[in-house]
$ cat coords19.pdb   # PDB, C-alpha atoms
ATOM      1  CA  PHE C 116       0.000   0.000   0.000
ATOM      2  CA  VAL C 117       1.445   3.356  -1.043
ATOM      3  CA  PHE C 118       0.191   6.743   0.121
ATOM      4  CA  PHE C 119       1.516  10.115  -1.031
ATOM      5  CA  ALA C 120       0.287  13.645  -0.343
ATOM      6  CA  TYR C 121       1.574  17.100  -1.249
ATOM      7  CA  GLU C 122       0.575  20.574  -0.129
ATOM      8  CA  GLY C 123       1.975  23.904  -1.331
ATOM      9  CA  ILE C 124       1.336  27.482  -0.353
ATOM     10  CA  ARG C 125       2.283  30.741  -2.068
ATOM     11  CA  GLN C 126       1.286  33.804  -0.082
ATOM     12  CA  GLN C 127       2.108  37.468  -0.531
ATOM     13  CA  LEU C 128       0.799  40.248   1.697
ATOM     14  CA  ASP C 129       1.525  43.954   1.474
ATOM     15  CA  GLN C 130       2.275  45.951   4.595
ATOM     16  CA  THR C 131       2.466  49.730   4.892
ATOM     17  CA  LEU C 132       5.697  50.933   6.483
ATOM     18  CA  ILE C 133       6.042  54.388   8.018
ATOM     19  CA  GLY C 134       9.453  55.521   9.205
ATOM     20  CA  PHE C 135      11.536  58.643   9.776
ATOM     21  CA  VAL C 136      14.743  59.366   7.840
ATOM     22  CA  PRO C 137      17.205  62.283   7.473
ATOM     23  CA  SER C 138      16.010  65.136   5.298
ATOM     24  CA  THR C 139      17.993  66.250   2.243
ATOM     25  CA  ALA C 140      19.357  69.259   4.116
ATOM     26  CA  PHE C 141      20.290  67.146   7.152
ATOM     27  CA  ARG C 142      22.151  64.668   4.943
ATOM     28  CA  ALA C 143      24.174  67.401   3.270
ATOM     29  CA  GLN C 144      25.023  69.044   6.586
ATOM     30  CA  THR C 145      26.083  65.757   8.173
ATOM     31  CA  LEU C 146      28.320  64.736   5.254
ATOM     32  CA  ALA C 147      29.941  68.173   5.271
ATOM     33  CA  LEU C 148      30.802  67.806   8.960
ATOM     34  CA  SER C 149      31.703  64.080   8.933
ATOM     35  CA  PRO C 150      32.200  62.583   5.447
ATOM     36  CA  VAL C 151      33.109  59.243   7.061
ATOM     37  CA  LEU C 152      29.420  58.810   7.975
ATOM     38  CA  ALA C 153      28.387  58.447   4.309
ATOM     39  CA  PRO C 154      27.720  54.658   4.567
ATOM     40  CA  ILE C 155      25.276  55.249   7.425
ATOM     41  CA  VAL C 156      23.603  58.320   5.907
ATOM     42  CA  ASN C 157      23.190  56.599   2.529
ATOM     43  CA  ALA C 158      21.680  53.500   4.182
ATOM     44  CA  PHE C 159      18.535  55.514   4.911
ATOM     45  CA  PRO C 160      16.032  55.549   2.044
ATOM     46  CA  ALA C 161      15.006  58.923   0.648
ATOM     47  CA  GLY C 162      12.044  60.449   2.429
ATOM     48  CA  ASN C 163       8.791  60.962   0.542
ATOM     49  CA  GLY C 164       6.624  62.666   3.140
ATOM     50  CA  PRO C 165       6.508  65.868   5.171
ATOM     51  CA  THR C 166       9.718  67.298   6.633
ATOM     52  CA  THR C 167      10.246  68.826  10.059
ATOM     53  CA  VAL C 168      12.924  71.437   9.378
ATOM     54  CA  SER C 169      13.853  71.978  13.028
ATOM     55  CA  THR C 170      14.798  68.320  13.549
ATOM     56  CA  GLY C 171      15.891  67.419  10.020
ATOM     57  CA  VAL C 172      13.424  64.523   9.894
ATOM     58  CA  THR C 173      11.468  63.478   6.797
ATOM     59  CA  GLN C 174       8.711  60.890   6.886
ATOM     60  CA  TYR C 175       9.212  57.778   4.784
ATOM     61  CA  THR C 176       6.257  55.700   3.607
ATOM     62  CA  GLY C 177       6.834  52.447   1.779
ATOM     63  CA  THR C 178       5.371  49.021   1.144
ATOM     64  CA  GLY C 179       6.859  45.940   2.736
ATOM     65  CA  LYS C 180       6.008  42.568   1.272
ATOM     66  CA  GLN C 181       5.448  39.543   3.445
ATOM     67  CA  ILE C 182       6.150  36.524   1.254
ATOM     68  CA  GLN C 183       5.770  32.900   2.284
ATOM     69  CA  ASN C 184       6.476  29.903   0.077
ATOM     70  CA  GLU C 185       6.101  26.418   1.521
ATOM     71  CA  ASP C 186       6.069  22.872   0.160
ATOM     72  CA  ALA C 187       5.157  19.867   2.299
ATOM     73  CA  ALA C 188       4.969  16.206   1.325
ATOM     74  CA  ILE C 189       4.427  12.860   3.011
ATOM     75  CA  LEU C 190       5.131   9.362   1.714
ATOM     76  CA  ARG C 191       4.080   6.131   3.414
ATOM     77  CA  ILE C 192       4.610   2.582   2.187
ATOM     78  CA  ASP C 193       3.118  -0.443   3.974
ATOM     79  CA  HIS C 194       4.220  -3.964   3.074
ATOM     80  CA  HIS C 195       2.659  -7.280   4.082
ATOM     81  CA  PHE C 196       5.389  -9.918   4.065
ATOM     82  CA  SER C 197       3.182 -12.578   5.649
ATOM     83  CA  ASP C 198       0.372 -13.004   8.161
ATOM     84  CA  SER C 199       2.942 -12.630  10.936
ATOM     85  CA  THR C 200       5.357 -10.019   9.519
ATOM     86  CA  THR C 201       4.550  -6.512   8.317
ATOM     87  CA  ALA C 202       6.517  -3.322   7.814
ATOM     88  CA  PHE C 203       6.001   0.311   6.938
ATOM     89  CA  LEU C 204       8.101   3.293   5.909
ATOM     90  CA  ARG C 205       6.985   6.895   6.414
ATOM     91  CA  PHE C 206       8.791  10.103   5.456
ATOM     92  CA  ASN C 207       7.658  13.714   5.954
ATOM     93  CA  ASN C 208       9.442  16.648   4.356
ATOM     94  CA  ASP C 209       8.683  20.355   4.642
ATOM     95  CA  SER C 210      10.540  23.304   3.132
ATOM     96  CA  ALA C 211       9.500  26.888   3.796
ATOM     97  CA  THR C 212      10.994  30.269   2.894
ATOM     98  CA  SER C 213       9.621  33.551   4.163
ATOM     99  CA  TYR C 214      10.520  37.194   3.645
ATOM    100  CA  ALA C 215       9.277  39.947   5.924
ATOM    101  CA  PRO C 216      10.103  43.587   6.713
ATOM    102  CA  LEU C 217      12.783  44.076   9.355
ATOM    103  CA  GLY C 218      11.813  47.328  11.016
ATOM    104  CA  VAL C 219       9.966  50.114   9.150
ATOM    105  CA  LEU C 220      12.428  51.029   6.398
ATOM    106  CA  THR C 221      13.851  48.910   3.570
ATOM    107  CA  ASP C 222      15.555  46.181   5.607
ATOM    108  CA  ARG C 223      14.281  42.634   5.112
ATOM    109  CA  GLN C 224      14.605  39.323   6.883
ATOM    110  CA  GLU C 225      14.689  35.940   5.160
ATOM    111  CA  THR C 226      13.932  32.772   7.120
ATOM    112  CA  ILE C 227      14.403  29.254   5.780
ATOM    113  CA  THR C 228      13.018  26.281   7.725
ATOM    114  CA  LYS C 229      13.226  22.605   6.797
ATOM    115  CA  PRO C 230      11.595  20.251   9.303
ATOM    116  CA  ARG C 231      11.597  16.598   8.291
ATOM    117  CA  ASN C 232      11.207  13.216   9.931
ATOM    118  CA  GLY C 233      10.968   9.576   9.004
ATOM    119  CA  VAL C 234      10.497   6.123  10.483
ATOM    120  CA  VAL C 235      10.718   2.513   9.376
ATOM    121  CA  GLU C 236       9.065  -0.247  11.409
ATOM    122  CA  LEU C 237       9.186  -4.042  11.319
ATOM    123  CA  LEU C 238       6.444  -5.865  13.253
ATOM    124  CA  HIS C 239       6.596  -9.626  13.818
ATOM    125  CA  VAL C 240       4.007 -11.789  15.582
ATOM    126  CA  PHE C 241       5.747 -14.822  17.081
ATOM    127  CA  SER C 242       2.491 -16.199  18.471
ATOM    128  CA  PRO C 243      -0.951 -14.907  19.462
ATOM    129  CA  ARG C 244       0.634 -14.030  22.816
ATOM    130  CA  LEU C 245       3.990 -12.590  21.752
ATOM    131  CA  LEU C 246       4.872  -9.858  19.271
ATOM    132  CA  ASP C 247       7.862  -7.592  18.692
ATOM    133  CA  GLU C 248       8.049  -4.148  17.143
ATOM    134  CA  ALA C 249      11.375  -2.703  15.952
ATOM    135  CA  LYS C 250      11.719   0.899  14.732
ATOM    136  CA  PHE C 251      14.322   3.281  13.447
ATOM    137  CA  GLY C 252      13.411   6.939  13.157
ATOM    138  CA  PHE C 253      14.850  10.411  12.878
ATOM    139  CA  ASN C 254      13.702  13.993  13.391
ATOM    140  CA  GLN C 255      15.451  17.023  11.954
ATOM    141  CA  ALA C 256      14.760  20.750  12.194
ATOM    142  CA  ILE C 257      16.875  23.123  10.088
ATOM    143  CA  SER C 258      16.490  26.876  10.469
ATOM    144  CA  GLN C 259      18.464  29.700   8.854
ATOM    145  CA  THR C 260      17.839  33.415   9.333
ATOM    146  CA  PHE C 261      19.348  36.222   7.264
ATOM    147  CA  ASN C 262      18.981  39.927   8.058
ATOM    148  CA  LEU C 263      19.212  41.475   4.576
ATOM    149  CA  THR C 264      20.427  45.031   5.074
ATOM    150  CA  ALA C 265      22.623  47.604   3.348
ATOM    151  CA  GLN C 266      25.252  47.912   6.062
ATOM    152  CA  PRO C 267      26.989  45.690   8.636
ATOM    153  CA  TYR C 268      26.010  47.607  11.776
ATOM    154  CA  THR C 269      22.829  48.221  13.687
ATOM    155  CA  VAL C 270      22.612  51.993  14.213
ATOM    156  CA  SER C 271      20.512  53.949  16.707
ATOM    157  CA  ILE C 272      20.104  57.738  16.320
ATOM    158  CA  PRO C 273      17.476  59.859  18.149
ATOM    159  CA  ASN C 274      14.512  61.002  16.020
ATOM    160  CA  PHE C 275      15.299  58.548  13.190
ATOM    161  CA  SER C 276      14.103  55.001  12.604
ATOM    162  CA  GLY C 277      16.702  52.378  13.463
ATOM    163  CA  LEU C 278      18.975  50.756  10.900
ATOM    164  CA  ASN C 279      19.532  47.011  11.177
ATOM    165  CA  GLY C 280      22.855  45.338  10.604
ATOM    166  CA  TYR C 281      23.436  42.325   8.380
ATOM    167  CA  SER C 282      23.601  39.046  10.313
ATOM    168  CA  THR C 283      23.016  35.336   9.926
ATOM    169  CA  SER C 284      21.936  32.557  12.271
ATOM    170  CA  ASP C 285      22.039  28.790  11.691
ATOM    171  CA  GLN C 286      20.419  25.959  13.638
ATOM    172  CA  ASP C 287      20.314  22.280  12.743
ATOM    173  CA  GLY C 288      19.043  19.770  15.290
ATOM    174  CA  THR C 289      18.759  16.062  14.488
ATOM    175  CA  THR C 290      17.901  13.003  16.563
ATOM    176  CA  PHE C 291      18.184   9.350  15.562
ATOM    177  CA  SER C 292      16.311   6.697  17.565
ATOM    178  CA  TRP C 293      16.538   2.912  17.607
ATOM    179  CA  ILE C 294      13.554   1.367  19.419
ATOM    180  CA  ASP C 295      12.424  -2.168  20.168
ATOM    181  CA  ASN C 296       9.207  -3.002  22.047
ATOM    182  CA  LEU C 297       8.007  -6.437  23.117
ATOM    183  CA  ASN C 298       4.436  -7.437  24.049
ATOM    184  CA  TRP C 299       3.770 -10.693  25.920
ATOM    185  CA  VAL C 300       0.395 -11.930  27.180
ATOM    186  CA  LYS C 301       0.364 -14.631  29.854
ATOM    187  CA  GLY C 302      -2.889 -15.443  31.616
ATOM    188  CA  ARG C 303      -4.070 -12.319  33.393
ATOM    189  CA  HIS C 304      -0.762 -10.544  32.764
ATOM    190  CA  THR C 305       0.126  -8.335  29.818
ATOM    191  CA  VAL C 306       3.839  -7.545  29.973
ATOM    192  CA  LYS C 307       5.400  -4.805  27.873
ATOM    193  CA  ALA C 308       9.110  -4.107  27.696
ATOM    194  CA  GLY C 309      11.256  -1.916  25.481
ATOM    195  CA  VAL C 310      14.592  -0.235  24.897
ATOM    196  CA  GLU C 311      15.613   2.910  23.029
ATOM    197  CA  VAL C 312      18.959   4.377  22.044
ATOM    198  CA  ARG C 313      18.785   8.007  20.955
ATOM    199  CA  ARG C 314      21.595   9.889  19.227
ATOM    200  CA  ILE C 315      21.287  13.670  19.416
ATOM    201  CA  GLN C 316      23.106  16.161  17.187
ATOM    202  CA  MET C 317      22.800  19.923  17.599
ATOM    203  CA  ASN C 318      24.581  22.360  15.285
ATOM    204  CA  GLU C 319      24.243  26.076  16.047
ATOM    205  CA  GLY C 320      26.095  29.244  15.135
ATOM    206  CA  ASN C 321      25.643  32.883  14.245
ATOM    207  CA  SER C 322      27.578  35.748  12.727
ATOM    208  CA  ALA C 323      29.047  38.704  14.607
ATOM    209  CA  THR C 324      26.774  41.670  15.302
ATOM    210  CA  THR C 325      27.643  45.261  16.170
ATOM    211  CA  THR C 326      25.339  48.003  17.481
ATOM    212  CA  LEU C 327      26.353  51.685  17.294
ATOM    213  CA  THR C 328      24.459  54.141  19.496
ATOM    214  CA  TYR C 329      24.487  57.945  19.301
ATOM    215  CA  ALA C 330      22.891  59.678  22.305
ATOM    216  CA  THR C 331      22.087  62.917  20.447
ATOM    217  CA  VAL C 332      21.647  64.094  16.886
ATOM    218  CA  ALA C 333      24.590  66.494  17.347
ATOM    219  CA  ASN C 334      26.827  63.626  18.413
ATOM    220  CA  PHE C 335      25.911  61.752  15.260
ATOM    221  CA  GLN C 336      26.640  64.688  12.969
ATOM    222  CA  ASN C 337      30.030  65.114  14.638
ATOM    223  CA  ASN C 338      30.714  61.365  14.596
ATOM    224  CA  ALA C 339      30.957  61.264  18.391
ATOM    225  CA  LEU C 340      29.906  57.683  19.088
ATOM    226  CA  ASP C 341      28.441  57.176  22.565
ATOM    227  CA  SER C 342      28.560  53.385  22.743
ATOM    228  CA  ALA C 343      29.294  50.317  20.675
ATOM    229  CA  ALA C 344      28.209  46.771  21.515
ATOM    230  CA  VAL C 345      29.992  43.929  19.744
ATOM    231  CA  LEU C 346      28.844  40.301  19.855
ATOM    232  CA  ALA C 347      31.550  38.115  18.361
ATOM    233  CA  THR C 348      30.934  35.347  15.861
ATOM    234  CA  LEU C 349      29.710  32.092  17.377
ATOM    235  CA  PRO C 350      31.347  29.423  15.219
ATOM    236  CA  LEU C 351      29.131  26.524  14.260
ATOM    237  CA  LYS C 352      29.284  24.246  17.289
ATOM    238  CA  ARG C 353      28.597  20.574  16.707
ATOM    239  CA  MET C 354      27.158  19.137  19.897
ATOM    240  CA  ARG C 355      26.714  15.362  20.198
ATOM    241  CA  LYS C 356      25.436  12.930  22.803
ATOM    242  CA  THR C 357      23.748   9.548  23.197
ATOM    243  CA  SER C 358      20.930   8.719  25.616
ATOM    244  CA  GLU C 359      19.605   5.281  26.582
ATOM    245  CA  PHE C 360      16.192   4.223  27.917
ATOM    246  CA  ALA C 361      14.491   0.986  28.964
ATOM    247  CA  PHE C 362      11.201   0.015  30.588
ATOM    248  CA  VAL C 363       9.143  -2.958  31.712
ATOM    249  CA  GLN C 364       5.463  -2.870  32.659
ATOM    250  CA  ASP C 365       2.966  -5.487  33.809
ATOM    251  CA  GLU C 366      -0.765  -4.921  33.406
ATOM    252  CA  PHE C 367      -2.322  -7.381  35.854
ATOM    253  CA  LYS C 368      -6.072  -8.003  35.637
ATOM    254  CA  LEU C 369      -6.537  -8.970  39.270
ATOM    255  CA  LYS C 370     -10.341  -9.132  38.978
ATOM    256  CA  PRO C 371     -12.791  -8.481  36.144
ATOM    257  CA  ASN C 372     -13.368  -5.011  37.605
ATOM    258  CA  LEU C 373      -9.843  -4.300  38.952
ATOM    259  CA  THR C 374      -6.654  -3.869  36.915
ATOM    260  CA  LEU C 375      -3.250  -3.037  38.399
ATOM    261  CA  ASN C 376      -0.237  -1.655  36.569
ATOM    262  CA  PHE C 377       3.350  -2.017  37.799
ATOM    263  CA  GLY C 378       6.247  -0.563  35.893
ATOM    264  CA  LEU C 379       9.858   0.513  36.058
ATOM    265  CA  ARG C 380      11.680   2.823  33.640
ATOM    266  CA  TYR C 381      15.404   3.489  33.406
ATOM    267  CA  GLN C 382      16.793   6.637  31.792
ATOM    268  CA  PHE C 383      20.355   7.677  31.091
ATOM    269  CA  PHE C 384      20.835  11.139  29.624
ATOM    270  CA  GLY C 385      24.262  11.296  28.035
ATOM    271  CA  VAL C 386      26.654  14.221  28.230
ATOM    272  CA  PHE C 387      27.038  16.588  25.298
ATOM    273  CA  HIS C 388      30.453  17.011  23.742
ATOM    274  CA  GLU C 389      31.615  19.158  20.849
ATOM    275  CA  ALA C 390      32.540  16.986  17.884
ATOM    276  CA  ASN C 391      35.876  18.738  17.311
ATOM    277  CA  ASN C 392      36.691  19.213  21.018
ATOM    278  CA  ARG C 393      36.590  23.006  20.683
ATOM    279  CA  ALA C 394      34.401  23.565  23.743
ATOM    280  CA  LEU C 395      36.034  24.799  26.958
ATOM    281  CA  PRO C 396      33.712  24.238  29.946
ATOM    282  CA  PHE C 397      33.913  26.682  32.845
ATOM    283  CA  ASP C 398      33.715  25.218  36.359
ATOM    284  CA  PHE C 399      35.388  26.485  39.538
ATOM    285  CA  LEU C 400      34.628  23.282  41.406
ATOM    286  CA  THR C 401      36.456  20.815  39.163
ATOM    287  CA  CYS C 402      38.843  22.912  37.055
ATOM    288  CA  GLY C 403      40.836  24.936  39.594
ATOM    289  CA  PRO C 404      40.801  28.576  40.726
ATOM    290  CA  GLY C 405      40.601  29.953  37.194
ATOM    291  CA  GLY C 406      37.579  27.833  36.341
ATOM    292  CA  TYR C 407      38.682  27.144  32.765
ATOM    293  CA  CYS C 408      38.553  23.437  31.950
ATOM    294  CA  PRO C 409      40.752  21.827  29.270
ATOM    295  CA  ALA C 410      39.381  21.080  25.840
ATOM    296  CA  GLY C 411      37.287  17.939  25.838
ATOM    297  CA  ALA C 412      36.377  18.168  29.533
ATOM    298  CA  PRO C 413      32.818  17.022  30.336
ATOM    299  CA  PHE C 414      30.147  19.694  30.583
ATOM    300  CA  TYR C 415      28.547  17.997  33.583
ATOM    301  CA  PHE C 416      28.492  14.696  35.397
ATOM    302  CA  PRO C 417      25.557  12.465  34.421
ATOM    303  CA  LYS C 418      23.378  10.395  36.696
ATOM    304  CA  HIS C 419      23.415   6.628  36.261
ATOM    305  CA  ASP C 420      20.652   5.759  38.736
ATOM    306  CA  ASP C 421      17.490   7.266  37.246
ATOM    307  CA  PHE C 422      15.187   4.325  37.970
ATOM    308  CA  ASP C 423      11.583   5.528  37.847
ATOM    309  CA  PRO C 424       8.833   3.297  39.290
ATOM    310  CA  ARG C 425       5.232   3.478  38.091
ATOM    311  CA  LEU C 426       2.050   2.304  39.799
ATOM    312  CA  GLY C 427      -1.521   2.542  38.569
ATOM    313  CA  LEU C 428      -4.968   1.021  38.947
ATOM    314  CA  ALA C 429      -8.356   1.032  37.252
ATOM    315  CA  TRP C 430     -11.354  -0.039  39.339
ATOM    316  CA  SER C 431     -15.047  -0.217  38.502
ATOM    317  CA  PRO C 432     -17.157  -0.607  41.673
ATOM    318  CA  ALA C 433     -19.619  -3.464  41.369
ATOM    319  CA  ALA C 434     -22.424  -1.238  42.581
ATOM    320  CA  SER C 435     -21.998   1.024  39.560
ATOM    321  CA  HIS C 436     -22.781  -1.834  37.144
ATOM    322  CA  GLY C 437     -19.948  -0.787  34.830
ATOM    323  CA  LYS C 438     -21.013   2.859  34.626
ATOM    324  CA  THR C 439     -18.214   4.255  36.808
ATOM    325  CA  VAL C 440     -14.445   3.752  36.622
ATOM    326  CA  VAL C 441     -11.947   5.070  39.148
ATOM    327  CA  ARG C 442      -8.387   5.507  37.919
ATOM    328  CA  ALA C 443      -5.296   6.432  39.919
ATOM    329  CA  GLY C 444      -1.596   6.455  39.229
ATOM    330  CA  ALA C 445       1.739   7.621  40.579
ATOM    331  CA  GLY C 446       5.312   7.609  39.440
ATOM    332  CA  ILE C 447       8.748   9.194  39.551
ATOM    333  CA  TYR C 448       9.887  11.031  36.436
ATOM    334  CA  HIS C 449      13.208  12.414  35.234
ATOM    335  CA  GLU C 450      13.870  14.531  32.173
ATOM    336  CA  ASP C 451      16.775  16.142  30.383
ATOM    337  CA  GLY C 452      17.040  19.931  30.405
ATOM    338  CA  GLN C 453      20.647  20.458  29.334
ATOM    339  CA  LEU C 454      21.701  22.894  26.603
ATOM    340  CA  ASP C 455      18.333  23.484  24.951
ATOM    341  CA  ASP C 456      17.606  19.770  24.512
TER     342      ASP C 456
END
$ encode --input "coords19.pdb" --output "structure tokens"
Amino acid sequence: FVFFAYEGIRQQLDQTLIGFVPSTAFRAQTLALSPVLAPIVNAFPAGNGPTTVSTGVTQYTGTGKQIQNEDAAILRIDHHFSDSTTAFLRFNNDSATSYAPLGVLTDRQETITKPRNGVVELLHVFSPRLLDEAKFGFNQAISQTFNLTAQPYTVSIPNFSGLNGYSTSDQDGTTFSWIDNLNWVKGRHTVKAGVEVRRIQMNEGNSATTTLTYATVANFQNNALDSAAVLATLPLKRMRKTSEFAFVQDEFKLKPNLTLNFGLRYQFFGVFHEANNRALPFDFLTCGPGGYCPAGAPFYFPKHDDFDPRLGLAWSPAASHGKTVVRAGAGIYHEDGQLDD
């Protein structure tokens, strides 16, 4: 059995942008005082609205287009090998690109996202009481952002709309999972057990950004910068780790109207490491007075004893004649919260 579906969207919306830019006279005066400011002055679009002579501000009105293009597809194939063995393959792919105004002038932002995932499963029935399900799957989310501007710096000047600096950001997160689940029915017991090994890859990085701030219009015209904030390039870091999970659960039908569930889950959340050993962890406790750890040092120390019990029941009082069910459950749970995972 083969199933395929496709969906596409093409959307374009207009948006009115109203900003404030240097007037023609203000531009000429500024360039006469500080010719070195030409790249910043010329980054402002020409005004097309009323001018306030006292402040040198001209209104700018333009149209910003919001554009979104997206293509999504899914493919699934099911195969029947025999009465006891079946398999399926499923793959989802999505690719989207959007453009939108960045601020109220002519700057634009482009965003590219590519989420995709897939799984293949093999199911085998050994007997009416025993079956096994094996899976391999992956999930990936790719995101890239580009600030499309005329100059490399973000600039802030009183009275005028802000200028955005060119920058890029990249994110690529992928997980691979190997899973096997077993179902066994014995009398009044239904036992389920499973294992999973999950490989996690996270790639992130962004370009350098610089913000220039002028406290007054006079300071700008005289090129007297009040502050500059510089965020250095974050090289693409390739974080990797492996986590392991296992569980066993018994659903025990103690009476026709009373079912008990007992379970135990084990979880091991691995430690991230940078694929090229470029990461330098910082820890006063384990790396001396300076706190700087050597390359390849662990980011943290994992726990190896996350055993999580589960207990549950479902009870239908006889007096209710099957119209009322009382359910209760309790358990201990651990999760992984390290480094955005």
$ resolve_selection --input "coords19.pdb" --expression "the PyMOL selection byres ((chain C and resi 371) around 10)" --output "number ranges by chain"
C: 303, 368-370, 372-374, 430-431, 433
$ closest_residue --input "coords19.pdb" --among "C:Val219, C:Leu263, C:Ile227, C:Ala202" --to "Glu185 in chain C" --atoms "all atoms listed in the file"
C:Ile227
$ residues_around --input "coords19.pdb" --residues "Ile124 in chain C" --least-positions-apart "3" --cutoff "9 Å" --atoms "all atoms listed in the file" --output "PyMOL selection string"
chain C and resi 183-187
$ atom_distance --input "coords19.pdb" --atom1 "CA of Ala265 in chain C" --atom2 "CA of Gly277 in chain C"
12.7 Å
$ residues_around --input "coords19.pdb" --residues "Pro409 in chain C" --least-positions-apart "5" --cutoff "9 Å" --atoms "all atoms listed in the file" --output "list in words"
Ala394, Leu395, Pro396 and Cys402 of chain C
$ write_last_selection --input "coords19.pdb" --atoms "C-alpha atoms" --output "tab-separated table (two decimals), in the frame of the given file"
chain	number	residue	atom	x	y	z
C	394	ALA	CA	34.40	23.56	23.74
C	395	LEU	CA	36.03	24.80	26.96
C	396	PRO	CA	33.71	24.24	29.95
C	402	CYS	CA	38.84	22.91	37.06
$ resolve_selection --input "coords19.pdb" --expression "the PyMOL selection byres ((chain C and resi 344-352) around 10)" --output "ChimeraX atom specification"
/C:268-269,282-287,317-328,342-343,353-355,388-394
$ residues_around --input "coords19.pdb" --residues "Asp129 in chain C" --least-positions-apart "5" --cutoff "7 Å" --atoms "all atoms listed in the file" --output "ChimeraX atom specification"
/C:178-181
$ resolve_selection --input "coords19.pdb" --expression "the PyMOL selection byres ((chain C and resi 240) around 12)" --output "VMD selection string"
chain C and resid 196 to 202 237 to 239 241 to 249 297 to 299
$ residues_around --input "coords19.pdb" --residues "range 135-141 of chain C" --least-positions-apart "5" --cutoff "7 Å" --atoms "all atoms listed in the file" --output "list in words"
Phe159, Gly162, Thr166, Gly171, Val172, Thr173, Gln174, Tyr175, Phe275 and Ser276 of chain C
$ residues_near_point --input "coords19.pdb" --point "(22.9, 52.7, 3.3)" --cutoff "9 Å" --atoms "all atoms listed in the file" --output "NGL selection string"
:C and (153-160 or 264-266 or 278)
$ axis_aligned_box --input "coords19.pdb" --around "range 304-313 of chain C" --padding-each-side "3 Å" --output "AutoDock Vina command-line options"
--center_x 9.1 --center_y -1.3 --center_z 26.9 --size_x 25.7 --size_y 24.6 --size_z 17.8
$ closest_residue --input "coords19.pdb" --among "C:Ser271, C:Asp365, C:Gln126, C:Asp341" --to "Lys307 in chain C" --atoms "only C-alpha atoms"
C:Asp365
$ atom_distance --input "coords19.pdb" --atom1 "CA of Thr221 in chain C" --atom2 "CA of Asn262 in chain C"
11.3 Å
$ atom_distance --input "coords19.pdb" --atom1 "CA of Gly309 in chain C" --atom2 "CA of Gln364 in chain C"
9.3 Å
$ residues_around --input "coords19.pdb" --residues "Ala333 in chain C" --least-positions-apart "6" --cutoff "10 Å" --atoms "all atoms listed in the file" --output "PyMOL selection string"
chain C and resi 145+272-273+339
$ closest_residue --input "coords19.pdb" --among "C:Val300, C:Leu220, C:Ile133, C:Val312" --to "Gly252 in chain C" --atoms "only C-alpha atoms"
C:Val312
$ closest_residue --input "coords19.pdb" --among "C:Asn274, C:Thr176, C:Thr289, C:Asn296" --to "Lys229 in chain C" --atoms "only C-alpha atoms"
C:Thr289
$ closest_residue --input "coords19.pdb" --among "C:Ser435, C:Gln382, C:Thr290, C:Asn163" --to "Asp421 in chain C" --atoms "all atoms listed in the file"
C:Gln382
$ closest_residue --input "coords19.pdb" --among "C:Phe416, C:Ala434, C:Ala147, C:Arg142" --to "Thr170 in chain C" --atoms "all atoms listed in the file"
C:Arg142
